[in-house]
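Structure file coords27.cif; described as mmCIF, C-alpha atoms and all ligand atoms.
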```
data_run
loop_
_atom_site.group_PDB
_atom_site.id
_atom_site.type_symbol
_atom_site.label_atom_id
_atom_site.label_comp_id
_atom_site.auth_asym_id
_atom_site.auth_seq_id
_atom_site.Cartn_x
_atom_site.Cartn_y
_atom_site.Cartn_z
ATOM 1 C CA MET A 100 0.000 0.000 0.000
ATOM 2 C CA GLU A 101 3.048 2.207 0.139
ATOM 3 C CA TYR A 102 2.525 3.307 -3.476
ATOM 4 C CA LEU A 103 -1.053 4.342 -2.761
ATOM 5 C CA GLN A 104 0.015 6.307 0.298
ATOM 6 C CA GLN A 105 2.697 8.100 -1.687
ATOM 7 C CA ALA A 106 0.173 8.872 -4.379
ATOM 8 C CA GLN A 107 -2.327 10.187 -1.842
ATOM 9 C CA GLU A 108 0.367 12.389 -0.387
ATOM 10 C CA ARG A 109 1.173 13.707 -3.874
ATOM 11 C CA PHE A 110 -2.484 14.424 -4.458
ATOM 12 C CA LYS A 111 -2.785 16.452 -1.264
ATOM 13 C CA GLN A 112 0.183 18.549 -2.387
ATOM 14 C CA GLN A 113 -1.215 18.979 -5.910
ATOM 15 C CA ALA A 114 -4.661 19.868 -4.629
ATOM 16 C CA GLY A 115 -3.153 22.430 -2.288
ATOM 17 C CA ALA A 116 -1.128 23.981 -5.114
ATOM 18 C CA ALA A 117 -4.132 24.074 -7.450
ATOM 19 C CA GLY A 118 -6.367 26.037 -5.112
ATOM 20 C CA THR A 119 -9.921 25.232 -4.181
ATOM 21 C CA ASP A 120 -12.088 26.593 -6.995
ATOM 22 C CA PRO A 121 -13.052 23.528 -9.072
ATOM 23 C CA ARG A 122 -14.225 25.642 -12.025
ATOM 24 C CA ARG A 123 -10.634 26.695 -12.642
ATOM 25 C CA LEU A 124 -9.689 23.122 -13.312
ATOM 26 C CA VAL A 125 -12.356 22.026 -15.787
ATOM 27 C CA GLY A 126 -11.078 21.408 -19.290
ATOM 28 C CA ASP A 127 -7.392 21.356 -18.555
ATOM 29 C CA SER A 128 -6.147 17.790 -18.767
ATOM 30 C CA ARG A 129 -2.820 18.639 -17.123
ATOM 31 C CA ARG A 130 -4.490 19.750 -13.925
ATOM 32 C CA PRO A 131 -6.488 17.716 -11.431
ATOM 33 C CA SER A 132 -10.112 17.260 -12.448
ATOM 34 C CA PRO A 133 -12.742 18.822 -10.195
ATOM 35 C CA PRO A 134 -13.303 16.744 -7.101
ATOM 36 C CA ILE A 135 -16.291 14.452 -7.233
ATOM 37 C CA VAL A 136 -18.669 15.399 -4.481
ATOM 38 C CA TYR A 137 -19.892 12.121 -3.063
ATOM 39 C CA THR A 138 -23.200 13.377 -1.714
ATOM 40 C CA THR A 139 -25.449 10.776 -3.320
ATOM 41 C CA THR A 140 -22.697 8.374 -4.382
ATOM 42 C CA LYS A 141 -22.676 5.176 -2.317
ATOM 43 C CA THR A 142 -19.354 4.663 -0.580
ATOM 44 C CA ILE A 143 -18.201 1.172 0.325
ATOM 45 C CA THR A 144 -15.185 0.033 2.295
ATOM 46 C CA LEU A 145 -13.004 -2.559 0.684
ATOM 47 C CA PRO A 146 -10.863 -4.697 3.009
ATOM 48 C CA ASP A 147 -7.310 -5.433 1.813
ATOM 49 C CA ARG A 148 -8.179 -9.143 1.910
ATOM 50 C CA VAL A 149 -10.923 -8.675 -0.722
ATOM 51 C CA MET A 150 -8.608 -6.569 -2.884
ATOM 52 C CA ARG A 151 -5.993 -9.317 -2.862
ATOM 53 C CA GLU A 152 -8.488 -12.152 -3.427
ATOM 54 C CA GLN A 153 -9.929 -10.290 -6.388
ATOM 55 C CA ARG A 154 -6.456 -9.461 -7.749
ATOM 56 C CA LEU A 155 -6.999 -5.708 -7.491
ATOM 57 C CA ILE A 156 -3.708 -3.831 -7.789
ATOM 58 C CA THR A 157 -4.589 -1.690 -4.786
ATOM 59 C CA GLY A 158 -4.247 -4.818 -2.615
ATOM 60 C CA PHE A 159 -0.585 -5.282 -3.535
ATOM 61 C CA ASP A 160 2.650 -3.494 -2.823
ATOM 62 C CA GLU A 161 5.183 -2.699 -5.512
ATOM 63 C CA GLY A 162 6.041 -5.647 -7.770
ATOM 64 C CA PRO A 163 5.759 -6.959 -11.332
ATOM 65 C CA PHE A 164 1.948 -7.134 -11.143
ATOM 66 C CA VAL A 165 1.587 -3.466 -10.171
ATOM 67 C CA ASP A 166 4.417 -2.472 -12.561
ATOM 68 C CA ALA A 167 2.633 -4.072 -15.511
ATOM 69 C CA TYR A 168 -0.450 -1.921 -14.924
ATOM 70 C CA ARG A 169 1.701 1.127 -14.373
ATOM 71 C CA MET A 170 3.238 0.574 -17.809
ATOM 72 C CA LEU A 171 -0.211 0.193 -19.322
ATOM 73 C CA ARG A 172 -1.319 3.373 -17.575
ATOM 74 C CA ALA A 173 1.653 5.264 -19.003
ATOM 75 C CA GLN A 174 0.731 4.132 -22.521
ATOM 76 C CA VAL A 175 -2.919 5.058 -22.061
ATOM 77 C CA LEU A 176 -2.101 8.478 -20.584
ATOM 78 C CA GLN A 177 0.331 9.232 -23.396
ATOM 79 C CA GLN A 178 -2.394 8.646 -25.977
ATOM 80 C CA TYR A 179 -4.918 10.504 -23.851
ATOM 81 C CA ARG A 180 -2.687 13.576 -23.811
ATOM 82 C CA GLN A 181 -1.581 13.362 -27.437
ATOM 83 C CA LYS A 182 -4.952 12.625 -28.973
ATOM 84 C CA GLY A 183 -7.382 14.087 -26.462
ATOM 85 C CA TRP A 184 -8.973 10.685 -25.837
ATOM 86 C CA ASN A 185 -10.772 10.084 -22.585
ATOM 87 C CA VAL A 186 -13.199 7.215 -23.263
ATOM 88 C CA ILE A 187 -11.561 3.806 -23.557
ATOM 89 C CA GLY A 188 -13.297 0.469 -24.019
ATOM 90 C CA VAL A 189 -11.872 -2.896 -22.945
ATOM 91 C CA SER A 190 -12.938 -5.975 -24.861
ATOM 92 C CA SER A 191 -11.711 -9.322 -26.160
ATOM 93 C CA THR A 192 -12.950 -11.746 -28.749
ATOM 94 C CA ALA A 193 -14.594 -14.258 -26.404
ATOM 95 C CA ASP A 194 -15.785 -14.945 -22.844
ATOM 96 C CA GLN A 195 -13.621 -15.154 -19.752
ATOM 97 C CA GLU A 196 -10.410 -13.779 -21.231
ATOM 98 C CA GLY A 197 -9.915 -11.146 -18.522
ATOM 99 C CA LYS A 198 -11.744 -8.056 -19.814
ATOM 100 C CA THR A 199 -13.312 -7.144 -16.487
ATOM 101 C CA LEU A 200 -10.183 -7.632 -14.392
ATOM 102 C CA THR A 201 -8.157 -5.615 -16.907
ATOM 103 C CA ALA A 202 -10.745 -2.808 -17.018
ATOM 104 C CA VAL A 203 -10.895 -2.629 -13.210
ATOM 105 C CA ASN A 204 -7.127 -2.664 -12.683
ATOM 106 C CA LEU A 205 -6.504 -0.193 -15.493
ATOM 107 C CA SER A 206 -9.081 2.140 -13.915
ATOM 108 C CA LEU A 207 -7.532 1.795 -10.470
ATOM 109 C CA SER A 208 -4.055 2.398 -11.776
ATOM 110 C CA LEU A 209 -5.257 5.498 -13.659
ATOM 111 C CA ALA A 210 -6.951 6.730 -10.482
ATOM 112 C CA MET A 211 -3.646 6.300 -8.618
ATOM 113 C CA ASP A 212 -2.199 8.912 -10.976
ATOM 114 C CA LEU A 213 -3.981 11.501 -8.982
ATOM 115 C CA ALA A 214 -4.408 14.157 -11.616
ATOM 116 C CA HIS A 215 -7.339 12.072 -12.855
ATOM 117 C CA THR A 216 -10.810 11.184 -11.819
ATOM 118 C CA VAL A 217 -11.709 7.795 -13.240
ATOM 119 C CA LEU A 218 -15.148 6.400 -13.944
ATOM 120 C CA LEU A 219 -15.450 2.712 -14.774
ATOM 121 C CA VAL A 220 -18.692 1.716 -16.477
ATOM 122 C CA ASP A 221 -19.778 -1.925 -16.424
ATOM 123 C CA ALA A 222 -21.209 -2.018 -19.936
ATOM 124 C CA ASP A 223 -21.588 -5.791 -20.040
ATOM 125 C CA MET A 224 -25.271 -5.769 -19.175
ATOM 126 C CA HIS A 225 -25.734 -9.394 -20.173
ATOM 127 C CA ARG A 226 -23.253 -10.506 -17.513
ATOM 128 C CA PRO A 227 -22.431 -7.592 -15.184
ATOM 129 C CA ALA A 228 -19.421 -8.424 -13.040
ATOM 130 C CA VAL A 229 -17.645 -5.297 -11.799
ATOM 131 C CA HIS A 230 -19.757 -5.114 -8.607
ATOM 132 C CA ARG A 231 -18.722 -8.678 -7.714
ATOM 133 C CA ILE A 232 -15.033 -7.766 -7.910
ATOM 134 C CA PHE A 233 -15.785 -5.118 -5.285
ATOM 135 C CA GLY A 234 -17.497 -7.731 -3.116
ATOM 136 C CA MET A 235 -21.058 -6.500 -3.791
ATOM 137 C CA GLU A 236 -24.329 -8.222 -4.618
ATOM 138 C CA THR A 237 -26.226 -7.069 -7.737
ATOM 139 C CA THR A 238 -26.991 -3.392 -7.337
ATOM 140 C CA PRO A 239 -28.810 -0.920 -9.654
ATOM 141 C CA GLY A 240 -26.607 0.499 -12.411
ATOM 142 C CA LEU A 241 -26.438 0.998 -16.159
ATOM 143 C CA THR A 242 -29.519 -1.124 -16.931
ATOM 144 C CA GLU A 243 -31.600 0.946 -14.505
ATOM 145 C CA TYR A 244 -30.164 4.160 -15.979
ATOM 146 C CA LEU A 245 -31.017 3.122 -19.542
ATOM 147 C CA PHE A 246 -34.395 1.457 -18.971
ATOM 148 C CA ASP A 247 -35.808 2.952 -15.756
ATOM 149 C CA HIS A 248 -34.297 6.441 -16.074
ATOM 150 C CA ALA A 249 -32.656 6.156 -12.651
ATOM 151 C CA PRO A 250 -30.457 9.243 -12.009
ATOM 152 C CA LEU A 251 -26.777 8.559 -12.604
ATOM 153 C CA THR A 252 -25.670 10.252 -9.395
ATOM 154 C CA GLN A 253 -27.629 7.704 -7.348
ATOM 155 C CA LEU A 254 -26.061 4.735 -9.114
ATOM 156 C CA LEU A 255 -22.361 5.531 -8.818
ATOM 157 C CA ILE A 256 -20.266 3.681 -6.261
ATOM 158 C CA HIS A 257 -17.080 4.924 -4.623
ATOM 159 C CA PRO A 258 -15.072 2.035 -3.158
ATOM 160 C CA GLY A 259 -12.966 4.416 -1.086
ATOM 161 C CA ILE A 260 -10.005 4.345 -3.486
ATOM 162 C CA GLY A 261 -8.788 7.780 -4.552
ATOM 163 C CA ARG A 262 -10.843 9.503 -7.245
ATOM 164 C CA PHE A 263 -12.262 6.250 -8.580
ATOM 165 C CA VAL A 264 -15.984 5.617 -9.007
ATOM 166 C CA PHE A 265 -17.845 2.941 -10.922
ATOM 167 C CA LEU A 266 -21.241 2.548 -12.484
ATOM 168 C CA PRO A 267 -22.325 -1.060 -11.920
ATOM 169 C CA GLY A 268 -24.049 -2.995 -14.701
ATOM 170 C CA GLY A 269 -27.259 -3.356 -12.703
ATOM 171 C CA ARG A 270 -29.753 -6.153 -13.285
ATOM 172 C CA ALA A 271 -28.696 -8.556 -16.022
ATOM 173 C CA ILE A 272 -30.627 -8.314 -19.289
ATOM 174 C CA LYS A 273 -30.875 -10.537 -22.349
ATOM 175 C CA ASN A 274 -31.146 -7.777 -24.967
ATOM 176 C CA SER A 275 -27.729 -6.263 -24.286
ATOM 177 C CA ALA A 276 -27.210 -5.708 -28.034
ATOM 178 C CA GLU A 277 -30.137 -3.276 -28.131
ATOM 179 C CA ALA A 278 -29.076 -1.627 -24.887
ATOM 180 C CA LEU A 279 -25.576 -0.899 -26.173
ATOM 181 C CA ALA A 280 -26.975 0.409 -29.459
ATOM 182 C CA SER A 281 -29.638 2.596 -27.793
ATOM 183 C CA PRO A 282 -29.551 6.373 -28.281
ATOM 184 C CA ARG A 283 -29.588 6.769 -24.497
ATOM 185 C CA MET A 284 -26.351 4.770 -24.239
ATOM 186 C CA THR A 285 -24.689 6.837 -26.972
ATOM 187 C CA ALA A 286 -25.870 10.034 -25.301
ATOM 188 C CA LEU A 287 -24.433 8.828 -21.972
ATOM 189 C CA VAL A 288 -21.016 8.245 -23.525
ATOM 190 C CA GLN A 289 -21.091 11.698 -25.130
ATOM 191 C CA GLU A 290 -22.112 13.269 -21.836
ATOM 192 C CA LEU A 291 -19.352 11.458 -19.950
ATOM 193 C CA LYS A 292 -16.845 12.429 -22.622
ATOM 194 C CA HIS A 293 -17.590 16.123 -22.730
ATOM 195 C CA ARG A 294 -18.826 17.071 -19.285
ATOM 196 C CA TYR A 295 -15.457 16.844 -17.554
ATOM 197 C CA PRO A 296 -12.738 16.461 -20.186
ATOM 198 C CA SER A 297 -10.166 15.563 -17.562
ATOM 199 C CA ARG A 298 -12.204 12.614 -16.299
ATOM 200 C CA LEU A 299 -11.128 9.296 -17.762
ATOM 201 C CA VAL A 300 -13.876 6.841 -18.591
ATOM 202 C CA VAL A 301 -13.176 3.116 -18.960
ATOM 203 C CA LEU A 302 -15.892 0.814 -20.277
ATOM 204 C CA ASP A 303 -15.886 -2.896 -19.477
ATOM 205 C CA LEU A 304 -17.451 -4.183 -22.698
ATOM 206 C CA PRO A 305 -18.915 -7.560 -23.707
ATOM 207 C CA PRO A 306 -16.871 -9.788 -26.040
ATOM 208 C CA LEU A 307 -16.475 -8.510 -29.607
ATOM 209 C CA LEU A 308 -17.759 -11.712 -31.178
ATOM 210 C CA SER A 309 -20.766 -12.106 -28.887
ATOM 211 C CA ARG A 310 -24.367 -11.216 -29.683
ATOM 212 C CA ALA A 311 -23.995 -7.813 -28.012
ATOM 213 C CA ASP A 312 -23.314 -5.200 -30.664
ATOM 214 C CA VAL A 313 -19.864 -4.130 -29.490
ATOM 215 C CA VAL A 314 -18.744 -3.585 -33.083
ATOM 216 C CA GLY A 315 -21.683 -1.219 -33.698
ATOM 217 C CA PHE A 316 -20.995 0.610 -30.445
ATOM 218 C CA ALA A 317 -17.209 0.896 -30.897
ATOM 219 C CA PRO A 318 -17.239 4.091 -33.030
ATOM 220 C CA HIS A 319 -18.715 5.978 -30.057
ATOM 221 C CA ILE A 320 -15.621 5.468 -27.923
ATOM 222 C CA ASP A 321 -12.171 6.967 -28.461
ATOM 223 C CA ALA A 322 -10.150 3.759 -28.458
ATOM 224 C CA LEU A 323 -10.335 0.059 -27.752
ATOM 225 C CA LEU A 324 -8.013 -2.081 -25.690
ATOM 226 C CA LEU A 325 -7.997 -5.707 -26.747
ATOM 227 C CA VAL A 326 -7.409 -8.452 -24.181
ATOM 228 C CA VAL A 327 -5.879 -11.625 -25.553
ATOM 229 C CA GLU A 328 -5.550 -14.726 -23.382
ATOM 230 C CA GLU A 329 -2.357 -16.632 -23.916
ATOM 231 C CA GLY A 330 -2.941 -20.179 -25.092
ATOM 232 C CA ARG A 331 -6.695 -19.632 -25.441
ATOM 233 C CA THR A 332 -7.618 -16.782 -27.786
ATOM 234 C CA ALA A 333 -7.758 -18.093 -31.352
ATOM 235 C CA SER A 334 -5.823 -16.034 -33.882
ATOM 236 C CA THR A 335 -8.693 -16.524 -36.345
ATOM 237 C CA ASP A 336 -11.038 -14.881 -33.797
ATOM 238 C CA VAL A 337 -8.745 -11.857 -33.489
ATOM 239 C CA GLU A 338 -8.675 -11.628 -37.280
ATOM 240 C CA ARG A 339 -12.475 -11.873 -37.451
ATOM 241 C CA ALA A 340 -12.866 -9.173 -34.794
ATOM 242 C CA MET A 341 -10.424 -6.825 -36.541
ATOM 243 C CA GLU A 342 -12.235 -7.462 -39.803
ATOM 244 C CA ALA A 343 -15.605 -6.672 -38.223
ATOM 245 C CA LEU A 344 -14.289 -3.442 -36.668
ATOM 246 C CA LYS A 345 -12.974 -2.347 -40.076
ATOM 247 C CA GLY A 346 -10.883 0.382 -38.469
ATOM 248 C CA SER A 347 -14.000 2.047 -36.985
ATOM 249 C CA VAL A 348 -12.158 2.630 -33.700
ATOM 250 C CA PRO A 349 -8.435 2.980 -32.993
ATOM 251 C CA ILE A 350 -6.956 -0.052 -31.232
ATOM 252 C CA LEU A 351 -5.007 1.370 -28.329
ATOM 253 C CA GLY A 352 -3.137 -1.848 -27.733
ATOM 254 C CA GLY A 353 -3.286 -5.471 -26.800
ATOM 255 C CA ILE A 354 -3.014 -7.006 -23.359
ATOM 256 C CA LEU A 355 -1.665 -10.505 -23.211
ATOM 257 C CA ASN A 356 -3.495 -11.754 -20.144
ATOM 258 C CA LYS A 357 -2.785 -14.731 -17.878
ATOM 259 C CA SER A 358 0.744 -14.793 -19.247
ATOM 260 C CA GLY A 359 4.106 -15.066 -17.538
ATOM 261 C CA ARG A 360 5.239 -12.411 -19.967
ATOM 262 C CA LYS A 361 2.750 -9.801 -18.691
ATOM 263 C CA MET A 362 1.899 -6.894 -20.984
ATOM 264 C CA LEU A 363 2.701 -6.952 -24.671
ATOM 265 C CA THR A 364 1.913 -4.472 -27.383
ATOM 266 C CA LEU A 365 -0.745 -5.409 -29.890
ATOM 267 C CA ARG A 366 1.985 -5.824 -32.504
ATOM 268 C CA GLN A 367 3.773 -8.339 -30.303
ATOM 269 C CA ALA A 368 0.503 -10.106 -29.491
ATOM 270 C CA ARG A 369 -0.307 -10.323 -33.191
ATOM 271 C CA GLN A 370 3.140 -11.711 -33.923
ATOM 272 C CA LEU A 371 2.594 -14.262 -31.197
ATOM 273 C CA LEU A 372 -0.722 -15.133 -32.769
ATOM 274 C CA ARG A 373 0.931 -15.151 -36.205
ATOM 275 C CA ILE A 374 -1.231 -12.308 -37.467
ATOM 276 C CA HIS A 375 0.839 -10.351 -39.963
ATOM 277 C CA ARG A 376 -1.476 -7.444 -40.614
ATOM 278 C CA ASP A 377 -1.322 -3.837 -39.365
HETATM 279 N N1 LIG B 401 -4.240 -12.393 -15.160
HETATM 280 C C1 LIG B 401 -5.058 -13.234 -14.519
HETATM 281 N N2 LIG B 401 -4.559 -14.140 -13.675
HETATM 282 C C2 LIG B 401 -5.347 -15.003 -13.016
HETATM 283 N N3 LIG B 401 -6.683 -15.047 -13.158
HETATM 284 C C3 LIG B 401 -7.251 -14.171 -13.987
HETATM 285 C C4 LIG B 401 -6.470 -13.202 -14.709
HETATM 286 N N4 LIG B 401 -7.314 -12.462 -15.470
HETATM 287 C C5 LIG B 401 -8.550 -12.927 -15.220
HETATM 288 N N5 LIG B 401 -8.517 -13.942 -14.335
HETATM 289 C C6 LIG B 401 -9.668 -14.704 -13.836
HETATM 290 O O1 LIG B 401 -10.331 -15.255 -14.972
HETATM 291 C C7 LIG B 401 -11.743 -15.165 -14.798
HETATM 292 C C8 LIG B 401 -12.323 -14.330 -15.938
HETATM 293 O O2 LIG B 401 -11.852 -13.002 -15.790
HETATM 294 P P1 LIG B 401 -12.774 -11.770 -16.171
HETATM 295 O O3 LIG B 401 -14.074 -11.836 -15.495
HETATM 296 O O4 LIG B 401 -11.944 -10.547 -15.977
HETATM 297 O O5 LIG B 401 -12.953 -12.085 -17.721
HETATM 298 P P2 LIG B 401 -13.990 -11.482 -18.745
HETATM 299 O O6 LIG B 401 -13.328 -11.551 -20.091
HETATM 300 O O7 LIG B 401 -14.448 -10.168 -18.279
HETATM 301 O O8 LIG B 401 -15.176 -12.535 -18.663
HETATM 302 P P3 LIG B 401 -16.653 -12.370 -19.283
HETATM 303 O O9 LIG B 401 -16.531 -12.698 -20.738
HETATM 304 O O10 LIG B 401 -17.456 -13.365 -18.498
HETATM 305 O O11 LIG B 401 -17.088 -10.958 -19.063
HETATM 306 C C9 LIG B 401 -11.972 -14.540 -13.426
HETATM 307 O O12 LIG B 401 -12.167 -15.576 -12.492
HETATM 308 C C10 LIG B 401 -10.673 -13.814 -13.157
HETATM 309 O O13 LIG B 401 -10.404 -13.673 -11.766
HETATM 310 MG MG MG B 402 -16.403 -9.424 -17.943
#
```

Would you mind writing the file's structure down as structure tokens?
Ligand SMILES: Nc1ncnc2c1ncn2[C@@H]1O[C@H](COP(=O)(O)OP(=O)(O)OP(=O)(O)O)[C@@H](O)[C@H]1O
Ligand SMILES: [Mg+2]
Amino acid sequence: MEYLQQAQERFKQQAGAAGTDPRRLVGDSRRPSPPIVYTTTKTITLPDRVMREQRLITGFDEGPFVDAYRMLRAQVLQQYRQKGWNVIGVSSTADQEGKTLTAVNLSLSLAMDLAHTVLLVDADMHRPAVHRIFGMETTPGLTEYLFDHAPLTQLLIHPGIGRFVFLPGGRAIKNSAEALASPRMTALVQELKHRYPSRLVVLDLPPLLSRADVVGFAPHIDALLLVVEEGRTASTDVERAMEALKGSVPILGGILNKSGRKMLTLRQARQLLRIHRD
């Protein structure tokens, strides 16, 4: 936890230097984003034991596991600054390849860089899972926002980790393809993108080759991170997914998950999968 403490210390110093008027900070990605006021946001306390069991980076001290996410964070932040991106989706070709764990740990590691407020959206409404990683039972979230018009501010959850909040998936639904393609979902992404430009939004998406229309939804986000599971993801599936996307969204990179070799670039992952196409 030493890293987190250091980061919190840094944040206090930065916040002190930046002054207290949040309006001054809006729109400048180099400065801390305005503090989230957790008036209606549910706050939960996450024991270290749960963090470790669930493989959350915040449960671990320095080491290769935390370093790997720090490297990923550096790559994401570089693109964010260069290209003005702030909405990133995490997907893979098939089930159970590590999308959710990657999305959660990427979000946490981004939130540990304390210039940023991070919102993780569980956009896998067919099989919502982010709440479980934080030790929670099913709780209202994106489904209730889209279908029942529940106010967003009452759905967000703050697990007591820095400036990190998440929107749970809510009750599971069968028609997740329609939900993802709905105008209300597109409007939500636009709202999240433009309201606070210095807030980073990470979406935990369903698999690219599932029935959910991830390919149709992809153009609404800034970039896609592709999780590939070593020894499991078929190279033909990656090819099919890339074909279906037809360049409609930039691929930020590839994560080789469940590998002794940790993070690889998409180019390296493709080489490993013998995909010789840029
Ligand atoms: N790097 C890893 N090391 C060990 N276990 C992992 C790793 N990544 C994921 N897992 C485990 O694999 C399982 C699937 O992970 P996760 O839920 O993140 O995948 P997913 O792609 O989001 O699945 P789904 O398609 O169901 O949404 C979980 O039990 C998770 O804890
Ligand atoms: Mg998942």

Point-to-point distance from atom CA of A:Arg270 to atom CA of A:Leu325, Å rounded to tenths: 25.6 Å

Which residues are near ligand LIG 401 (chain B) - at most 6 Å, using all atoms listed in the file? Format: as a list in words.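 After applying the 6 Å limit, what remains is Asp194, Gln195, Glu196, Gly197, Lys198, Thr199, Leu200, Asn356 and Lys357 of chain A.
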
For a quick check of understanding, using all atoms listed in the file, which of A:Ser281, A:Ser191, A:Gln178, A:Ser206 has the smallest distance to ligand MG 402 (chain B)? A:Ser191

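Every residue having at least one atom no farther than 10 Å from ligand MG 402 (chain B) is included below, with all atoms listed in the file taken into account: A:Val189, A:Ser190, A:Ser191, A:Ala193, A:Asp194, A:Gln195, A:Glu196, A:Gly197, A:Lys198, A:Thr199, A:Leu200, A:Thr201, A:Ala202, A:Val203, A:Asp221, A:Ala222, A:Asp223, A:Met224, A:His225, A:Arg226, A:Pro227, A:Ala228, A:Val229, A:Asp303, A:Leu304, A:Pro305, A:Pro306.
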
Could you check the closest approach to A:Thr140 for each of A:Leu254, A:Val220, A:Ala210, A:Ala249 and tell me which residue wins, using only C-alpha atoms?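 Result for the nearest residue to A:Thr140: A:Leu254.
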
Set the distance at 9 Å and use all atoms listed in the file: which residues neighbour A:Ile187 once local chain neighbours fewer than 4 positions away are removed? I'd like the list as a ChimeraX atom specification. /A:175,299-303,320-324,351

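With atom CA of A:Glu243 on one side and atom CA of A:Arg283 on the other, the separation reads 11.7 Å.
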
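Residues lying within 8 Å of stretch 289-294 of chain A, counting only C-alpha atoms and ignoring same-chain neighbours fewer than 2 positions away, are A:Asn185, A:Val186, A:Thr285, A:Ala286, A:Leu287, A:Pro296, A:Arg298, A:Val300, A:His319.
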
Identify all residues satisfying the PyMOL selection byres (((chain A and resi 333-342) around 7) and not hetatm) in the given file; provide them as an MDAnalysis selection string. chainID A and resid 192 307:308 331:332 343:345 372 374

Quick one: distance from atom CA of A:Asp212 to atom CA of A:Tyr168 in Å, one decimal?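 Taking atom CA of A:Asp212 and atom CA of A:Tyr168, their separation equals 11.7 Å.
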
Can you list, as a PyMOL selection string, the residues that the PyMOL selection byres (((chain A and resi 159) around 12) and not hetatm) selects here? chain A and resi 100-103+147-158+160-166+168+204+208

Coordinates of box centre and edge lengths for stretch 142-153 of chain A, 5 Å on every side, axis-aligned, as AutoDock Vina command-line options:
```
--center_x -12.7 --center_y -3.7 --center_z -1.7 --size_x 23.4 --size_y 26.8 --size_z 19.4
```

List the spatial neighbours of A:Thr238 as a PyMOL selection string - criterion: any atom at most 8 Å away, only C-alpha atoms, same-chain residues fewer than 6 positions off excluded. chain A and resi 230+267-270

Between A:Ala214, A:Ile143, A:Ile272, A:Val314, which residue has the minimum interatomic distance to A:Thr242, considering all atoms listed in the file? A:Ile272
